[in-house]
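Have a look at the structure below, then the notes.
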Amino acid sequence: MKNKVLIFRIIFTAITAMLLYYFILPPINLSSPLFWFYSVVIIMVYIVSGLVRVIELKDIITNKIKIKKATFPLSIWIAVLGVIFFIILFINLIQSPLFNSKAYYNRIVVSENQNFTEDVAQVDFNALPLLDKASSQKLGDRVMGQMPELVSQFDVSDLYTQINFNNSIIRVTPLEYNGLIKYFTNRKAGVKGYITVNSVTGETNLTKLDNGMKYMPSAYFFENLYRKLRFEYPTEIFGLESFEIDNEGNPYWIVPTIKYSGVGLREEITGVIILNPITGESTKYKVSDVPTWVDHVYSSELIIEQVNDWGLYKNGFLNSIFGQKGVVQTTTGYNYTVMNDDVYLYTGITSALADEANIGFILTNLRTKETKFYPVPGAEEYSAMASAEGQVQQMNYTASFPLLINLNNKPTYLMSLKDNAGLVKMYALVDVSDYQKVVVTEASLGIEKAVENYLGDSRLEIDSDQLLNKKIVIDRISSAIIDGTTYYYIVDTKDNKYKVNIKVESSILPFLISGDKIQVYYREEQEVIEILNIK
């Protein structure tokens, strides 16, 4: 009888373990909290199965049912669970900031005292990602709504990953199965495509794929993305996945792999798994070997967590609680900028008191984790947002989280002001060093007009080495006043046409006459060349 009870308990526990593994998908990894949760549940199942009352077959046949209670050493199993809990608690205590504050401080290497104007180029008005995620989602939903044959079968994922795609700043997100029934009716062909939203122009496209994507978070059974990864990489701990496309527009899932110190402590990225959702083929890369077209290796949440540890434990654990000398932290919220073909996370750094002022800000490369700190004291982002909203408080517009730009060799906040429908109505520019200096401009007038209004009479400083230039001889010159600003129009002796704002060089332009020789600097050849500097 005891053997029957034991066999029953083992079989019941094994079946339960397989079912739970299929649904919970824990990594077989001792540092994973999910693994220990799964293990404890299985132990509990084995213990509880000992309470099952066993009815012998012969008793059923003879109608003499005798119910017997299975026995088991309950105290031993309680002791086992207690030992597991104690070991995890002890290991995590040793790995905690109390004894390892230096390790927490060193989770991320921050290059301090960087020069903002040297590292961040002057703003390019033709490459400003003015559309935030919320606005991109509205545009994506709109283009999806124009495809009746798809909208009834698929949903639009809310991922909207911001990437650099062939030097264009876009957000990309896949379609997803719209429930179990739609999965069964569409699984053979797969998910039909993905949506891209240009963060600069707002151009939105739905890219249809010749072969549909089958391995998706919304898929079921062994085509589910997480189940596919777990059965191929049973020991790996996975981070948050992101959806990206390579330079040819092929879709991929980018899934970081994680290691912990202790159980669930000090998360770090060890590599990346790149999975083709069409074929299911995947490749695991070390962090140093990740292809350059991948923009998101480190999640924003992990970077924020590591920067906060850097700011908290710089001078040890006790100082983080009592003296708090030199303790800093990130502000609430973050945004992205694109430089050098990579996506960077931006967030402000403030004191431990979390006041309304920043002592500087960081830029982190989300592919390499290279992080730089710029000591630029100024307004905290939400203070700048409130200042911008205060300029049009009668409109009840809501400010987007600011973009940080280099304008006139000064760090400046740029944000959109949106109405209740989420439409961009105005642009606001706020001086980082003085958030009371804020100028708002109607969005219909364009971003360059907003910048012009913000700068006022100050001359825009431009690095002439980055511009095209040539010497010209003036044939004709005239002026006109547009929206309160004087512009000069020049025709040279070769019949080329030029336009220049008086703010470019107010001490020279009013005195130019026919026959004068000048050297002009500009960005590109066009029908009417805009002059940005004169010598």
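Residue numbering restarts at 1 for every chain of the structure tokens, chains are lettered A, B, ... in their displayed order, and ligands are numbered from 1 as they appear.
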
Inset, instruction - List the neighbours of Ala399 in chain A out to 12 Å using only C-alpha atoms; skip same-chain residues closer than 5 positions along the sequence, and give me the result as a PyMOL selection string. - result: chain A and resi 130-132+134+381-393+413-420+422-430+440

Legend entry - Polymer residues at most 9 Å from Arg367 in chain A, only C-alpha atoms, same-chain spacing of 4 or more positions, as a ChimeraX atom specification: /A:287,290,292,294-298,342-344

Any chance you could export the current selection's all heavy atoms as a tab-separated table (two decimals), in the first residue's frame?
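To be explicit, this is the file written out as part-v1.tsv:
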chain	number	residue	atom	x	y	z
A	287	VAL	N	27.26	40.53	-25.49
A	287	VAL	CA	26.98	41.97	-25.60
A	287	VAL	C	27.94	42.64	-26.57
A	287	VAL	O	27.55	43.50	-27.36
A	287	VAL	CB	27.06	42.63	-24.20
A	287	VAL	CG1	27.03	44.14	-24.32
A	287	VAL	CG2	25.90	42.16	-23.32
A	290	VAL	N	26.97	42.07	-30.47
A	290	VAL	CA	25.63	42.37	-30.99
A	290	VAL	C	25.75	43.19	-32.28
A	290	VAL	O	26.52	44.16	-32.34
A	290	VAL	CB	24.81	43.15	-29.94
A	290	VAL	CG1	23.48	43.60	-30.52
A	290	VAL	CG2	24.57	42.28	-28.71
A	292	THR	N	25.37	45.95	-35.13
A	292	THR	CA	25.22	47.40	-34.90
A	292	THR	C	23.82	47.90	-35.25
A	292	THR	O	23.44	48.99	-34.78
A	292	THR	CB	26.26	48.17	-35.71
A	292	THR	OG1	26.14	47.81	-37.11
A	292	THR	CG2	27.67	47.85	-35.24
A	294	VAL	N	21.14	46.68	-34.20
A	294	VAL	CA	20.31	46.53	-32.99
A	294	VAL	C	20.49	47.77	-32.12
A	294	VAL	O	21.60	48.18	-31.82
A	294	VAL	CB	20.72	45.27	-32.21
A	294	VAL	CG1	19.95	45.19	-30.89
A	294	VAL	CG2	20.48	44.02	-33.04
A	295	ASP	N	19.39	48.37	-31.71
A	295	ASP	CA	19.45	49.61	-30.91
A	295	ASP	C	19.13	49.39	-29.44
A	295	ASP	O	19.53	50.19	-28.60
A	295	ASP	CB	18.47	50.65	-31.48
A	295	ASP	CG	18.96	51.22	-32.81
A	295	ASP	OD1	20.16	51.54	-32.91
A	295	ASP	OD2	18.15	51.32	-33.74
A	296	HIS	N	18.40	48.32	-29.10
A	296	HIS	CA	17.96	48.15	-27.72
A	296	HIS	C	18.48	46.83	-27.15
A	296	HIS	O	17.87	45.77	-27.34
A	296	HIS	CB	16.43	48.19	-27.63
A	296	HIS	CG	15.85	49.53	-27.89
A	296	HIS	ND1	15.48	50.40	-26.89
A	296	HIS	CD2	15.60	50.18	-29.06
A	296	HIS	CE1	15.01	51.52	-27.42
A	296	HIS	NE2	15.09	51.40	-28.74
A	297	VAL	N	19.62	46.92	-26.47
A	297	VAL	CA	20.16	45.78	-25.72
A	297	VAL	C	19.79	45.92	-24.25
A	297	VAL	O	19.37	44.98	-23.59
A	297	VAL	CB	21.69	45.68	-25.89
A	297	VAL	CG1	22.27	44.60	-24.98
A	297	VAL	CG2	22.03	45.40	-27.35
A	298	TYR	N	19.93	47.14	-23.74
A	298	TYR	CA	19.62	47.43	-22.33
A	298	TYR	C	18.29	48.15	-22.26
A	298	TYR	O	18.04	49.12	-22.98
A	298	TYR	CB	20.71	48.31	-21.72
A	298	TYR	CG	22.06	47.64	-21.66
A	298	TYR	CD1	22.94	47.70	-22.73
A	298	TYR	CD2	22.45	46.92	-20.53
A	298	TYR	CE1	24.18	47.07	-22.69
A	298	TYR	CE2	23.68	46.30	-20.47
A	298	TYR	CZ	24.54	46.37	-21.56
A	298	TYR	OH	25.75	45.75	-21.52
A	342	ASP	N	22.96	55.46	-33.14
A	342	ASP	CA	22.52	54.72	-31.96
A	342	ASP	C	21.43	55.50	-31.23
A	342	ASP	O	21.31	56.72	-31.37
A	342	ASP	CB	23.68	54.46	-31.00
A	342	ASP	CG	24.54	53.26	-31.42
A	342	ASP	OD1	23.95	52.26	-31.86
A	342	ASP	OD2	25.77	53.34	-31.31
A	343	VAL	N	20.64	54.78	-30.45
A	343	VAL	CA	19.59	55.40	-29.62
A	343	VAL	C	20.14	55.59	-28.22
A	343	VAL	O	20.71	54.68	-27.62
A	343	VAL	CB	18.33	54.53	-29.59
A	343	VAL	CG1	17.29	55.11	-28.64
A	343	VAL	CG2	17.73	54.40	-31.00
A	344	TYR	N	19.96	56.79	-27.68
A	344	TYR	CA	20.45	57.14	-26.34
A	344	TYR	C	19.27	57.47	-25.43
A	344	TYR	O	18.30	58.11	-25.85
A	344	TYR	CB	21.38	58.36	-26.40
A	344	TYR	CG	22.73	58.08	-26.98
A	344	TYR	CD1	22.90	57.90	-28.35
A	344	TYR	CD2	23.86	58.00	-26.17
A	344	TYR	CE1	24.15	57.64	-28.89
A	344	TYR	CE2	25.12	57.75	-26.71
A	344	TYR	CZ	25.25	57.57	-28.06
A	344	TYR	OH	26.49	57.32	-28.60

Legend entry - Best match for closeness to Val473 in chain A among A:Glu525, A:Asp155, A:Asp434, A:Asp516, counting only C-alpha atoms: A:Asp516

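Counting only C-alpha atoms and comparing A:Asp124, A:Asp158, A:Glu236, A:Glu112, the residue that lies closest to Gly311 in chain A is A:Glu112.
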
Legend entry - Selection: 7 Å around range 323-334 of chain A, only C-alpha atoms, excl. self and same-chain fewer than 6 positions, as a ChimeraX atom specification: /A:304,308,311-312,345-352

Just-selected residues, N, CA and C atoms written as a short mmCIF file (atom, residue, chain, number, x, y, z; two decimals), in the first residue's frame:
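Writing done, so here's part-v4.cif:
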data_model
loop_
_atom_site.label_atom_id
_atom_site.label_comp_id
_atom_site.auth_asym_id
_atom_site.auth_seq_id
_atom_site.Cartn_x
_atom_site.Cartn_y
_atom_site.Cartn_z
N ILE A 304 17.98 53.02 -15.67
CA ILE A 304 17.56 53.92 -14.58
C ILE A 304 17.91 53.30 -13.23
N ASN A 308 20.65 54.87 -10.61
CA ASN A 308 20.25 55.20 -9.24
C ASN A 308 21.17 54.55 -8.22
N GLY A 311 24.34 56.53 -8.12
CA GLY A 311 24.19 57.77 -7.37
C GLY A 311 23.99 57.57 -5.88
N LEU A 312 23.46 56.39 -5.50
CA LEU A 312 23.12 56.14 -4.10
C LEU A 312 24.30 55.63 -3.28
N LEU A 345 19.38 57.03 -24.19
CA LEU A 345 18.40 57.41 -23.17
C LEU A 345 18.88 58.68 -22.48
N TYR A 346 17.95 59.59 -22.27
CA TYR A 346 18.25 60.83 -21.54
C TYR A 346 17.38 60.89 -20.29
N THR A 347 17.99 61.26 -19.15
CA THR A 347 17.22 61.59 -17.95
C THR A 347 18.03 62.53 -17.09
N GLY A 348 17.34 63.31 -16.30
CA GLY A 348 18.02 64.27 -15.43
C GLY A 348 18.53 63.61 -14.16
N ILE A 349 19.51 64.27 -13.53
CA ILE A 349 20.06 63.83 -12.25
C ILE A 349 19.81 64.93 -11.23
N THR A 350 19.20 64.56 -10.12
CA THR A 350 18.89 65.53 -9.08
C THR A 350 19.44 65.05 -7.74
N SER A 351 19.36 65.87 -6.73
CA SER A 351 19.88 65.52 -5.42
C SER A 351 18.96 64.54 -4.71
N ALA A 352 19.46 63.99 -3.60
CA ALA A 352 18.68 63.01 -2.85
C ALA A 352 17.39 63.60 -2.30
#

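Rounded to one decimal, CA of Ser507 in chain A and CA of Asn533 in chain A lie 12.4 Å from each other.
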
Legend entry - DSSP strand (DSSP E or B) residues within range 210-265 of chain A, listed as an MDAnalysis selection string: chainID A and resid 210:213 216 224 237:238 242:245 251:261 265

Inset, instruction - Considering only C-alpha atoms, return as an NGL selection string whatever protein or nucleic-acid residues lie within 8 Å of Ile502 in chain A, sequence-local ones (same chain, fewer than 4 positions apart) excluded. - result: :A and (485-488 or 506 or 509)
